[in-house]
Amino acid sequence: MIYLNEEIVPESKALISVFDHGFLYGDGIYETLRAYKGIVFKVDEHIERLFRSAHMINLDIQKTPETIRKAVYETIIANNHNEAVIRITISRGAGPVGLDPGLCPTPTFVIISNEFKEYPKQYYNKGVKIAIVNTRRNFKGALNPQIKSLNFLNNILAKIEAKNRNAYEAIMLNYRGYIAEGTITNLFFVKDQTLCTPCIDVGILDGITRRIIIDAAKQMGIEVREGRFRREEIYRAKEAFISNTTMEVLPVAEVDDVKIGSEPGPVTRMLHKAYKIKVAEYITKHKQNNRSAPAIVSIQQG
């Protein structure tokens with residue numbers, strides 16, 4: 001069941017116009033969220049970022065944050081999902097062919113909820129291979145990475161490179177050759193007992209999961225350095241991992257055929273555990289507060 005504009009409809013009826021500017025030009029924004037036990041983790045932060053993206057492309061969503069929040073829960077209820085990956089997509093909407101945003105009076109609003117499927121345990125036990133690819137991250141002066149845009153061709157080209165090199169994820173450099181981010185992930189590595197991650201200024205998205213990990217590391221007394229790094233620095237790392245909303249903290253075993261430890265390192269393991277604790281605390285708090293009472297009760301009883 002899909003939330004399309006103002007109603008929930010079966011997938012077969014979730015149709016949009018061929019004149020939709022999201023389809024024609026990639027003119028739109030999105031957010032990906034994860035639900036645990038019927039609670040959508042950091043839903044308010046994701047919706048806040050959605051509105052930021054909309055503002056940055058001059059898109060009037062024509063909905064309030066609370067309306068979107070309610071629609072998210074209605075969608076996971078309609079699909080009877082407790083553990084889910086949710087995607088909110090908002091395009092400029094349908095209109096005549098042309099780049100003028102004024103051609104589209106009403107945005108297209110879609111929410112998709114899919115049952116969350118666990119990542120293979122071997123990924124967490126042994127780590128994955130990543131590749132630093134030739135495709136560069138879009139220059140932030142041309143397309144600001146703080147916009148979670150439907151324009152994903154840059155990332156897709158990077159992903160194609162990674163697949164051709166039998167790598168799970170691609171890591172892109174920025175135009176000056178500094179490590180930026182993955183196609184759908186942020187990158188962390190441990191060097192000289194310091195947790196290192198590219199800073200926002202190199203042209204990356206300020207991931208919500210990224211911020212949780214950085215805050216957790218600081219609370220645990222781990223030194224954190226957000227900076228500009230060359231590829232050679234990650235080659236010398238003691239451990240590394242990638243992160244996003246769905247995978248949480250995923251260990252990296254190999255970068256460009258360079259081995260990064262024989263198994264997930266202690267910092268990676270500690271931060272993954274810390275992240276799990278943050279999620280559990282959030283779920284407990286929001287169930288106790290009963291903030292999403294109708295939705296949560298319906299899911300649990302269903």
# chains A, B, ... in the order shown; residues from 1 in each chain; ligands from 1
>>> closest_atom_pairs(of="range 132-197 of chain A", to="range 111-127 of chain A", cutoff="12 Å", atoms="only C-alpha atoms", output="tab-separated table")
residue	atom	partner	partner_atom	distance
A:Ala167	CA	A:Gly127	CA	11.5
A:Tyr168	CA	A:Tyr123	CA	9.9
A:Glu169	CA	A:Gly127	CA	11.7
>>> write_last_selection(atoms="N, CA and C atoms", output="mmCIF file, in the first residue's frame")
data_model
loop_
_atom_site.group_PDB
_atom_site.id
_atom_site.type_symbol
_atom_site.label_atom_id
_atom_site.label_comp_id
_atom_site.auth_asym_id
_atom_site.auth_seq_id
_atom_site.Cartn_x
_atom_site.Cartn_y
_atom_site.Cartn_z
ATOM 1 N N ALA A 167 32.985 -4.334 -5.309
ATOM 2 C CA ALA A 167 32.921 -3.651 -4.017
ATOM 3 C C ALA A 167 31.469 -3.411 -3.629
ATOM 4 N N TYR A 168 31.223 -3.454 -2.340
ATOM 5 C CA TYR A 168 29.866 -3.260 -1.833
ATOM 6 C C TYR A 168 29.424 -1.808 -1.955
ATOM 7 N N GLU A 169 30.333 -0.879 -1.700
ATOM 8 C CA GLU A 169 29.995 0.541 -1.724
ATOM 9 C C GLU A 169 31.112 1.327 -2.390
#
>>> closest_atom_pairs(of="range 146-208 of chain A", to="range 250-256 of chain A", cutoff="12 Å", atoms="only C-alpha atoms", output="JSON lines")
{"residue": "A:Glu161", "atom": "CA", "partner": "A:Asp256", "partner_atom": "CA", "distance": 11.9}
{"residue": "A:Ala162", "atom": "CA", "partner": "A:Asp256", "partner_atom": "CA", "distance": 9.8}
{"residue": "A:Arg165", "atom": "CA", "partner": "A:Asp256", "partner_atom": "CA", "distance": 8.7}
{"residue": "A:Asn166", "atom": "CA", "partner": "A:Asp256", "partner_atom": "CA", "distance": 10.0}
{"residue": "A:Ala167", "atom": "CA", "partner": "A:Asp256", "partner_atom": "CA", "distance": 8.4}
{"residue": "A:Tyr168", "atom": "CA", "partner": "A:Val252", "partner_atom": "CA", "distance": 9.6}
{"residue": "A:Glu169", "atom": "CA", "partner": "A:Val252", "partner_atom": "CA", "distance": 9.7}
{"residue": "A:Ala170", "atom": "CA", "partner": "A:Val255", "partner_atom": "CA", "distance": 9.7}
{"residue": "A:Ile171", "atom": "CA", "partner": "A:Val255", "partner_atom": "CA", "distance": 9.4}
{"residue": "A:Thr185", "atom": "CA", "partner": "A:Leu250", "partner_atom": "CA", "distance": 9.8}
{"residue": "A:Asn186", "atom": "CA", "partner": "A:Leu250", "partner_atom": "CA", "distance": 10.4}
{"residue": "A:Leu187", "atom": "CA", "partner": "A:Val252", "partner_atom": "CA", "distance": 9.5}
{"residue": "A:Phe188", "atom": "CA", "partner": "A:Val252", "partner_atom": "CA", "distance": 9.4}
{"residue": "A:Phe189", "atom": "CA", "partner": "A:Val252", "partner_atom": "CA", "distance": 8.9}
{"residue": "A:Val190", "atom": "CA", "partner": "A:Val252", "partner_atom": "CA", "distance": 11.2}
>>> atom_distance(atom1="CA of Arg236 in chain A", atom2="CA of Asp192 in chain A")
9.7 Å
>>> closest_atom_pairs(of="range 132-222 of chain A", to="range 48-70 of chain A", cutoff="8 Å", atoms="only C-alpha atoms", output="Markdown table")
| residue | atom | partner | partner_atom | distance |
| --- | --- | --- | --- | --- |
| A:Gln146 | CA | A:Ser53 | CA | 6.9 |
| A:Ile147 | CA | A:Ser53 | CA | 4.6 |
| A:Lys148 | CA | A:Ser53 | CA | 6.1 |
| A:Ser149 | CA | A:Ser53 | CA | 7.6 |
>>> atom_distance(atom1="CA of Ile179 in chain A", atom2="CA of Ala142 in chain A")
18.1 Å
>>> residues_around(residues="range 18-34 of chain A", least_positions_apart="6", cutoff="6 Å", atoms="only C-alpha atoms", output="JSON, numbers by chain")
{"A": [40, 41, 84, 85, 86, 87, 88, 89, 90, 91, 92, 93, 94, 95, 148, 149, 150, 151]}
>>> write_last_selection(atoms="N, CA and C atoms", output="PDB file, in the first residue's frame")
ATOM      1  N   VAL A  40       9.077   5.078  14.346  1.00  0.00           N
ATOM      2  CA  VAL A  40       9.946   5.599  13.290  1.00  0.00           C
ATOM      3  C   VAL A  40      11.057   6.410  13.948  1.00  0.00           C
ATOM      4  N   PHE A  41      12.277   5.922  13.809  1.00  0.00           N
ATOM      5  CA  PHE A  41      13.425   6.499  14.499  1.00  0.00           C
ATOM      6  C   PHE A  41      13.764   7.880  13.938  1.00  0.00           C
ATOM      7  N   ALA A  84      10.518  -1.578   9.425  1.00  0.00           N
ATOM      8  CA  ALA A  84      10.303  -1.091   8.061  1.00  0.00           C
ATOM      9  C   ALA A  84      11.351  -0.082   7.637  1.00  0.00           C
ATOM     10  N   VAL A  85      11.519   0.016   6.328  1.00  0.00           N
ATOM     11  CA  VAL A  85      12.270   1.105   5.702  1.00  0.00           C
ATOM     12  C   VAL A  85      11.246   1.956   4.966  1.00  0.00           C
ATOM     13  N   ILE A  86      11.221   3.227   5.273  1.00  0.00           N
ATOM     14  CA  ILE A  86      10.219   4.128   4.721  1.00  0.00           C
ATOM     15  C   ILE A  86      10.906   5.177   3.861  1.00  0.00           C
ATOM     16  N   ARG A  87      10.352   5.448   2.722  1.00  0.00           N
ATOM     17  CA  ARG A  87      10.879   6.516   1.863  1.00  0.00           C
ATOM     18  C   ARG A  87       9.780   7.537   1.589  1.00  0.00           C
ATOM     19  N   ILE A  88      10.077   8.784   1.882  1.00  0.00           N
ATOM     20  CA  ILE A  88       9.209   9.903   1.523  1.00  0.00           C
ATOM     21  C   ILE A  88       9.809  10.550   0.277  1.00  0.00           C
ATOM     22  N   THR A  89       9.017  10.672  -0.763  1.00  0.00           N
ATOM     23  CA  THR A  89       9.465  11.312  -1.990  1.00  0.00           C
ATOM     24  C   THR A  89       8.499  12.427  -2.351  1.00  0.00           C
ATOM     25  N   ILE A  90       9.042  13.595  -2.618  1.00  0.00           N
ATOM     26  CA  ILE A  90       8.208  14.725  -3.039  1.00  0.00           C
ATOM     27  C   ILE A  90       8.819  15.308  -4.308  1.00  0.00           C
ATOM     28  N   SER A  91       8.072  15.275  -5.390  1.00  0.00           N
ATOM     29  CA  SER A  91       8.547  15.872  -6.634  1.00  0.00           C
ATOM     30  C   SER A  91       7.857  17.216  -6.847  1.00  0.00           C
ATOM     31  N   ARG A  92       8.353  17.968  -7.822  1.00  0.00           N
ATOM     32  CA  ARG A  92       7.752  19.263  -8.146  1.00  0.00           C
ATOM     33  C   ARG A  92       6.309  19.093  -8.586  1.00  0.00           C
ATOM     34  N   GLY A  93       5.987  17.921  -9.126  1.00  0.00           N
ATOM     35  CA  GLY A  93       4.628  17.659  -9.587  1.00  0.00           C
ATOM     36  C   GLY A  93       4.512  17.671 -11.094  1.00  0.00           C
ATOM     37  N   ALA A  94       3.307  17.469 -11.587  1.00  0.00           N
ATOM     38  CA  ALA A  94       3.061  17.411 -13.030  1.00  0.00           C
ATOM     39  C   ALA A  94       2.871  18.806 -13.602  1.00  0.00           C
ATOM     40  N   GLY A  95       3.367  18.976 -14.830  1.00  0.00           N
ATOM     41  CA  GLY A  95       3.215  20.243 -15.522  1.00  0.00           C
ATOM     42  C   GLY A  95       3.755  20.132 -16.927  1.00  0.00           C
ATOM     43  N   LYS A 148      18.702  16.743  -0.273  1.00  0.00           N
ATOM     44  CA  LYS A 148      18.534  15.316  -0.578  1.00  0.00           C
ATOM     45  C   LYS A 148      17.675  15.236  -1.832  1.00  0.00           C
ATOM     46  N   SER A 149      18.347  15.320  -2.957  1.00  0.00           N
ATOM     47  CA  SER A 149      17.701  15.515  -4.249  1.00  0.00           C
ATOM     48  C   SER A 149      17.427  14.194  -4.956  1.00  0.00           C
ATOM     49  N   LEU A 150      16.439  14.214  -5.848  1.00  0.00           N
ATOM     50  CA  LEU A 150      16.176  13.059  -6.699  1.00  0.00           C
ATOM     51  C   LEU A 150      17.199  12.937  -7.820  1.00  0.00           C
ATOM     52  N   ASN A 151      18.072  13.928  -7.978  1.00  0.00           N
ATOM     53  CA  ASN A 151      19.145  13.866  -8.972  1.00  0.00           C
ATOM     54  C   ASN A 151      20.243  12.931  -8.447  1.00  0.00           C
TER      55      ASN A 151
END
>>> atom_distance(atom1="CA of Arg210 in chain A", atom2="CA of Tyr275 in chain A")
10.4 Å
>>> select_by_dssp(residues="range 183-270 of chain A", states="strand (DSSP E)", output="JSON, numbers by chain")
{"A": [186, 187, 188, 189, 190, 191, 194, 195, 196, 197, 198, 223, 224, 225, 226, 227, 239, 240, 241, 242, 243, 244, 248, 249, 250, 251, 252, 253, 254, 255, 258, 259]}
>>> residues_around(residues="range 262-274 of chain A", least_positions_apart="3", cutoff="12 Å", atoms="only C-alpha atoms", output="PyMOL selection string")
chain A and resi 122-128+187-191+193-196+209-210+212-224+237-244+247-254+258-259+277-281
>>> write_last_selection(atoms="N, CA and C atoms", output="short mmCIF file (atom, residue, chain, number, x, y, z; two decimals), in the first residue's frame")
data_model
loop_
_atom_site.label_atom_id
_atom_site.label_comp_id
_atom_site.auth_asym_id
_atom_site.auth_seq_id
_atom_site.Cartn_x
_atom_site.Cartn_y
_atom_site.Cartn_z
N GLN A 122 27.19 -11.80 7.89
CA GLN A 122 28.62 -11.82 7.56
C GLN A 122 29.15 -10.42 7.32
N TYR A 123 28.28 -9.51 6.88
CA TYR A 123 28.72 -8.12 6.67
C TYR A 123 29.20 -7.52 7.98
N TYR A 124 28.48 -7.82 9.06
CA TYR A 124 28.83 -7.26 10.37
C TYR A 124 29.94 -8.07 11.05
N ASN A 125 29.99 -9.35 10.74
CA ASN A 125 31.01 -10.20 11.36
C ASN A 125 32.37 -10.08 10.67
N LYS A 126 32.36 -9.88 9.36
CA LYS A 126 33.61 -9.87 8.60
C LYS A 126 33.90 -8.53 7.94
N GLY A 127 32.90 -7.69 7.78
CA GLY A 127 33.09 -6.42 7.10
C GLY A 127 32.89 -6.53 5.60
N VAL A 128 32.78 -5.38 4.93
CA VAL A 128 32.56 -5.35 3.49
C VAL A 128 33.72 -4.66 2.78
N LEU A 187 31.32 7.88 5.77
CA LEU A 187 32.51 7.06 6.01
C LEU A 187 33.21 7.49 7.29
N PHE A 188 33.64 6.51 8.08
CA PHE A 188 34.44 6.74 9.28
C PHE A 188 35.64 5.79 9.24
N PHE A 189 36.75 6.24 9.84
CA PHE A 189 37.88 5.33 10.02
C PHE A 189 38.66 5.74 11.27
N VAL A 190 39.40 4.78 11.81
CA VAL A 190 40.14 4.99 13.04
C VAL A 190 41.62 5.03 12.72
N LYS A 191 42.27 6.12 13.12
CA LYS A 191 43.70 6.30 12.86
C LYS A 191 44.31 7.03 14.06
N GLN A 193 44.25 6.25 17.14
CA GLN A 193 43.27 6.23 18.24
C GLN A 193 42.25 7.37 18.14
N THR A 194 42.08 7.89 16.93
CA THR A 194 41.12 8.97 16.70
C THR A 194 40.09 8.51 15.66
N LEU A 195 38.82 8.81 15.93
CA LEU A 195 37.77 8.51 14.96
C LEU A 195 37.73 9.66 13.95
N CYS A 196 37.99 9.34 12.70
CA CYS A 196 38.07 10.36 11.64
C CYS A 196 36.89 10.22 10.69
N THR A 209 22.40 9.78 11.00
CA THR A 209 23.13 8.68 11.64
C THR A 209 24.57 9.10 11.93
N ARG A 210 25.18 9.83 11.02
CA ARG A 210 26.54 10.33 11.21
C ARG A 210 26.65 11.15 12.49
N ILE A 212 24.68 11.10 15.14
CA ILE A 212 24.47 10.25 16.31
C ILE A 212 25.77 9.53 16.67
N ILE A 213 26.46 9.02 15.66
CA ILE A 213 27.72 8.30 15.89
C ILE A 213 28.78 9.23 16.46
N ILE A 214 28.90 10.41 15.91
CA ILE A 214 29.90 11.37 16.41
C ILE A 214 29.60 11.73 17.87
N ASP A 215 28.35 12.00 18.18
CA ASP A 215 27.98 12.35 19.56
C ASP A 215 28.23 11.19 20.50
N ALA A 216 27.92 9.97 20.05
CA ALA A 216 28.14 8.79 20.89
C ALA A 216 29.62 8.59 21.16
N ALA A 217 30.44 8.79 20.14
CA ALA A 217 31.89 8.63 20.30
C ALA A 217 32.43 9.63 21.33
N LYS A 218 32.00 10.86 21.25
CA LYS A 218 32.46 11.88 22.19
C LYS A 218 32.02 11.56 23.61
N GLN A 219 30.80 11.05 23.76
CA GLN A 219 30.31 10.67 25.09
C GLN A 219 31.12 9.52 25.67
N MET A 220 31.69 8.69 24.81
CA MET A 220 32.49 7.55 25.25
C MET A 220 33.96 7.93 25.44
N GLY A 221 34.28 9.18 25.22
CA GLY A 221 35.66 9.64 25.41
C GLY A 221 36.57 9.36 24.23
N ILE A 222 35.98 9.04 23.09
CA ILE A 222 36.77 8.80 21.88
C ILE A 222 37.02 10.14 21.19
N GLU A 223 38.26 10.41 20.87
CA GLU A 223 38.57 11.65 20.15
C GLU A 223 38.02 11.57 18.74
N VAL A 224 37.36 12.64 18.30
CA VAL A 224 36.75 12.68 16.97
C VAL A 224 37.38 13.82 16.17
N ALA A 237 44.47 3.11 7.98
CA ALA A 237 43.57 3.06 9.13
C ALA A 237 43.61 1.69 9.82
N LYS A 238 43.35 1.71 11.12
CA LYS A 238 43.26 0.47 11.90
C LYS A 238 41.91 -0.21 11.72
N GLU A 239 40.88 0.60 11.51
CA GLU A 239 39.54 0.08 11.27
C GLU A 239 38.73 1.16 10.54
N ALA A 240 37.64 0.72 9.93
CA ALA A 240 36.78 1.65 9.19
C ALA A 240 35.36 1.10 9.15
N PHE A 241 34.42 1.99 8.96
CA PHE A 241 33.04 1.57 8.79
C PHE A 241 32.27 2.63 8.02
N ILE A 242 31.13 2.21 7.46
CA ILE A 242 30.22 3.12 6.78
C ILE A 242 28.90 3.12 7.55
N SER A 243 28.10 4.15 7.35
CA SER A 243 26.87 4.26 8.12
C SER A 243 25.76 4.92 7.32
N ASN A 244 24.54 4.52 7.63
CA ASN A 244 23.35 5.25 7.18
C ASN A 244 22.15 4.77 8.01
N MET A 247 21.51 0.65 7.57
CA MET A 247 22.59 -0.28 7.94
C MET A 247 23.18 0.02 9.31
N GLU A 248 22.94 1.23 9.83
CA GLU A 248 23.49 1.68 11.11
C GLU A 248 25.01 1.82 11.02
N VAL A 249 25.74 0.86 11.58
CA VAL A 249 27.21 0.90 11.54
C VAL A 249 27.70 -0.39 10.90
N LEU A 250 28.25 -0.28 9.69
CA LEU A 250 28.65 -1.47 8.94
C LEU A 250 30.17 -1.49 8.76
N PRO A 251 30.85 -2.51 9.32
CA PRO A 251 32.32 -2.56 9.26
C PRO A 251 32.86 -2.67 7.84
N VAL A 252 34.02 -2.09 7.63
CA VAL A 252 34.72 -2.18 6.36
C VAL A 252 35.97 -3.04 6.56
N ALA A 253 36.13 -4.05 5.72
CA ALA A 253 37.27 -4.96 5.82
C ALA A 253 38.35 -4.65 4.81
N GLU A 254 37.96 -3.97 3.72
CA GLU A 254 38.90 -3.78 2.63
C GLU A 254 38.57 -2.51 1.86
N VAL A 258 43.11 -3.01 -0.17
CA VAL A 258 43.95 -2.85 1.03
C VAL A 258 43.14 -3.36 2.23
N LYS A 259 43.67 -4.34 2.94
CA LYS A 259 42.98 -4.91 4.08
C LYS A 259 42.98 -3.92 5.25
N ILE A 277 21.91 1.14 21.40
CA ILE A 277 21.39 1.63 22.67
C ILE A 277 20.58 2.91 22.45
N LYS A 278 21.11 3.80 21.59
CA LYS A 278 20.39 5.04 21.28
C LYS A 278 19.02 4.74 20.67
N VAL A 279 18.98 3.77 19.79
CA VAL A 279 17.71 3.38 19.17
C VAL A 279 16.75 2.84 20.22
N ALA A 280 17.25 1.96 21.08
CA ALA A 280 16.40 1.36 22.11
C ALA A 280 15.85 2.42 23.06
N GLU A 281 16.69 3.38 23.42
CA GLU A 281 16.25 4.46 24.31
C GLU A 281 15.18 5.31 23.64
#
>>> closest_residue(among="A:Ile200, A:Ile156, A:Leu173, A:Ala14", to="Met1 in chain A", atoms="only C-alpha atoms")
A:Ala14
>>> decode(residues="range 180-293 of chain A", atoms="C-alpha atoms", output="mmCIF file, in the first residue's frame")
data_model
loop_
_atom_site.group_PDB
_atom_site.id
_atom_site.type_symbol
_atom_site.label_atom_id
_atom_site.label_comp_id
_atom_site.auth_asym_id
_atom_site.auth_seq_id
_atom_site.Cartn_x
_atom_site.Cartn_y
_atom_site.Cartn_z
ATOM 1 C CA ALA A 180 33.802 12.807 0.635
ATOM 2 C CA GLU A 181 31.158 10.094 1.105
ATOM 3 C CA GLY A 182 29.610 6.958 -0.307
ATOM 4 C CA THR A 183 26.693 6.694 -2.692
ATOM 5 C CA ILE A 184 24.305 6.297 0.255
ATOM 6 C CA THR A 185 26.660 6.293 3.244
ATOM 7 C CA ASN A 186 28.975 8.340 5.401
ATOM 8 C CA LEU A 187 32.508 7.057 6.011
ATOM 9 C CA PHE A 188 34.438 6.737 9.284
ATOM 10 C CA PHE A 189 37.884 5.331 10.019
ATOM 11 C CA VAL A 190 40.145 4.994 13.045
ATOM 12 C CA LYS A 191 43.697 6.301 12.862
ATOM 13 C CA ASP A 192 46.065 7.055 15.746
ATOM 14 C CA GLN A 193 43.273 6.231 18.238
ATOM 15 C CA THR A 194 41.117 8.971 16.700
ATOM 16 C CA LEU A 195 37.771 8.512 14.959
ATOM 17 C CA CYS A 196 38.073 10.358 11.644
ATOM 18 C CA THR A 197 35.308 11.358 9.258
ATOM 19 C CA PRO A 198 35.121 13.871 6.403
ATOM 20 C CA CYS A 199 33.859 17.286 7.442
ATOM 21 C CA ILE A 200 30.746 18.884 5.980
ATOM 22 C CA ASP A 201 32.876 21.411 4.090
ATOM 23 C CA VAL A 202 34.271 18.791 1.692
ATOM 24 C CA GLY A 203 30.779 18.489 0.207
ATOM 25 C CA ILE A 204 28.864 15.787 2.058
ATOM 26 C CA LEU A 205 25.372 15.388 3.444
ATOM 27 C CA ASP A 206 25.155 15.919 7.195
ATOM 28 C CA GLY A 207 23.785 12.454 7.858
ATOM 29 C CA ILE A 208 21.500 12.029 10.866
ATOM 30 C CA THR A 209 23.130 8.678 11.638
ATOM 31 C CA ARG A 210 26.542 10.334 11.206
ATOM 32 C CA ARG A 211 25.743 12.900 13.888
ATOM 33 C CA ILE A 212 24.469 10.249 16.312
ATOM 34 C CA ILE A 213 27.715 8.297 15.888
ATOM 35 C CA ILE A 214 29.897 11.369 16.412
ATOM 36 C CA ASP A 215 27.978 12.354 19.556
ATOM 37 C CA ALA A 216 28.135 8.788 20.890
ATOM 38 C CA ALA A 217 31.886 8.633 20.301
ATOM 39 C CA LYS A 218 32.461 11.883 22.188
ATOM 40 C CA GLN A 219 30.314 10.669 25.085
ATOM 41 C CA MET A 220 32.494 7.551 25.254
ATOM 42 C CA GLY A 221 35.657 9.637 25.408
ATOM 43 C CA ILE A 222 36.775 8.799 21.884
ATOM 44 C CA GLU A 223 38.572 11.647 20.153
ATOM 45 C CA VAL A 224 36.752 12.682 16.971
ATOM 46 C CA ARG A 225 38.281 14.539 14.062
ATOM 47 C CA GLU A 226 36.070 15.948 11.304
ATOM 48 C CA GLY A 227 38.454 17.037 8.585
ATOM 49 C CA ARG A 228 39.859 16.765 5.079
ATOM 50 C CA PHE A 229 41.477 13.426 4.306
ATOM 51 C CA ARG A 230 43.291 11.903 1.346
ATOM 52 C CA ARG A 231 42.750 8.315 0.272
ATOM 53 C CA GLU A 232 46.178 7.301 1.624
ATOM 54 C CA GLU A 233 45.010 8.017 5.171
ATOM 55 C CA ILE A 234 42.233 5.459 5.092
ATOM 56 C CA TYR A 235 44.665 2.905 3.639
ATOM 57 C CA ARG A 236 46.639 3.249 6.887
ATOM 58 C CA ALA A 237 43.572 3.056 9.133
ATOM 59 C CA LYS A 238 43.263 0.468 11.904
ATOM 60 C CA GLU A 239 39.542 0.084 11.269
ATOM 61 C CA ALA A 240 36.785 1.652 9.191
ATOM 62 C CA PHE A 241 33.036 1.568 8.792
ATOM 63 C CA ILE A 242 30.219 3.117 6.781
ATOM 64 C CA SER A 243 26.866 4.256 8.122
ATOM 65 C CA ASN A 244 23.347 5.246 7.181
ATOM 66 C CA THR A 245 19.801 5.007 8.501
ATOM 67 C CA THR A 246 19.173 1.397 7.521
ATOM 68 C CA MET A 247 22.589 -0.284 7.942
ATOM 69 C CA GLU A 248 23.488 1.683 11.112
ATOM 70 C CA VAL A 249 27.215 0.905 11.538
ATOM 71 C CA LEU A 250 28.648 -1.468 8.943
ATOM 72 C CA PRO A 251 32.322 -2.559 9.263
ATOM 73 C CA VAL A 252 34.721 -2.181 6.357
ATOM 74 C CA ALA A 253 37.268 -4.959 5.823
ATOM 75 C CA GLU A 254 38.897 -3.779 2.628
ATOM 76 C CA VAL A 255 39.447 -0.512 0.736
ATOM 77 C CA ASP A 256 40.742 -0.750 -2.838
ATOM 78 C CA ASP A 257 42.224 -4.205 -2.101
ATOM 79 C CA VAL A 258 43.946 -2.850 1.032
ATOM 80 C CA LYS A 259 42.982 -4.909 4.082
ATOM 81 C CA ILE A 260 41.673 -2.941 7.069
ATOM 82 C CA GLY A 261 42.121 -5.316 9.999
ATOM 83 C CA SER A 262 41.137 -8.979 10.130
ATOM 84 C CA GLU A 263 37.754 -8.328 11.770
ATOM 85 C CA PRO A 264 35.631 -5.391 12.951
ATOM 86 C CA GLY A 265 37.744 -3.320 15.322
ATOM 87 C CA PRO A 266 36.923 -2.386 18.926
ATOM 88 C CA VAL A 267 35.832 1.175 18.126
ATOM 89 C CA THR A 268 33.503 -0.036 15.380
ATOM 90 C CA ARG A 269 31.976 -2.621 17.695
ATOM 91 C CA MET A 270 31.568 -0.131 20.545
ATOM 92 C CA LEU A 271 29.921 2.458 18.327
ATOM 93 C CA HIS A 272 27.548 -0.053 16.781
ATOM 94 C CA LYS A 273 26.513 -1.129 20.252
ATOM 95 C CA ALA A 274 26.159 2.513 21.316
ATOM 96 C CA TYR A 275 23.978 3.210 18.290
ATOM 97 C CA LYS A 276 21.747 0.251 19.148
ATOM 98 C CA ILE A 277 21.389 1.630 22.670
ATOM 99 C CA LYS A 278 20.391 5.043 21.275
ATOM 100 C CA VAL A 279 17.714 3.385 19.169
ATOM 101 C CA ALA A 280 16.404 1.363 22.114
ATOM 102 C CA GLU A 281 16.251 4.462 24.309
ATOM 103 C CA TYR A 282 14.385 6.369 21.618
ATOM 104 C CA ILE A 283 11.849 3.580 21.158
ATOM 105 C CA THR A 284 11.257 3.258 24.904
ATOM 106 C CA LYS A 285 10.870 7.010 25.360
ATOM 107 C CA HIS A 286 8.410 7.420 22.500
ATOM 108 C CA LYS A 287 6.319 4.456 23.556
ATOM 109 C CA GLN A 288 6.149 5.845 27.087
ATOM 110 C CA ASN A 289 5.248 9.312 25.846
ATOM 111 C CA ASN A 290 2.606 7.712 23.627
ATOM 112 C CA ARG A 291 3.251 10.464 21.086
ATOM 113 C CA SER A 292 2.140 8.271 18.219
ATOM 114 C CA ALA A 293 -0.532 6.465 20.197
#
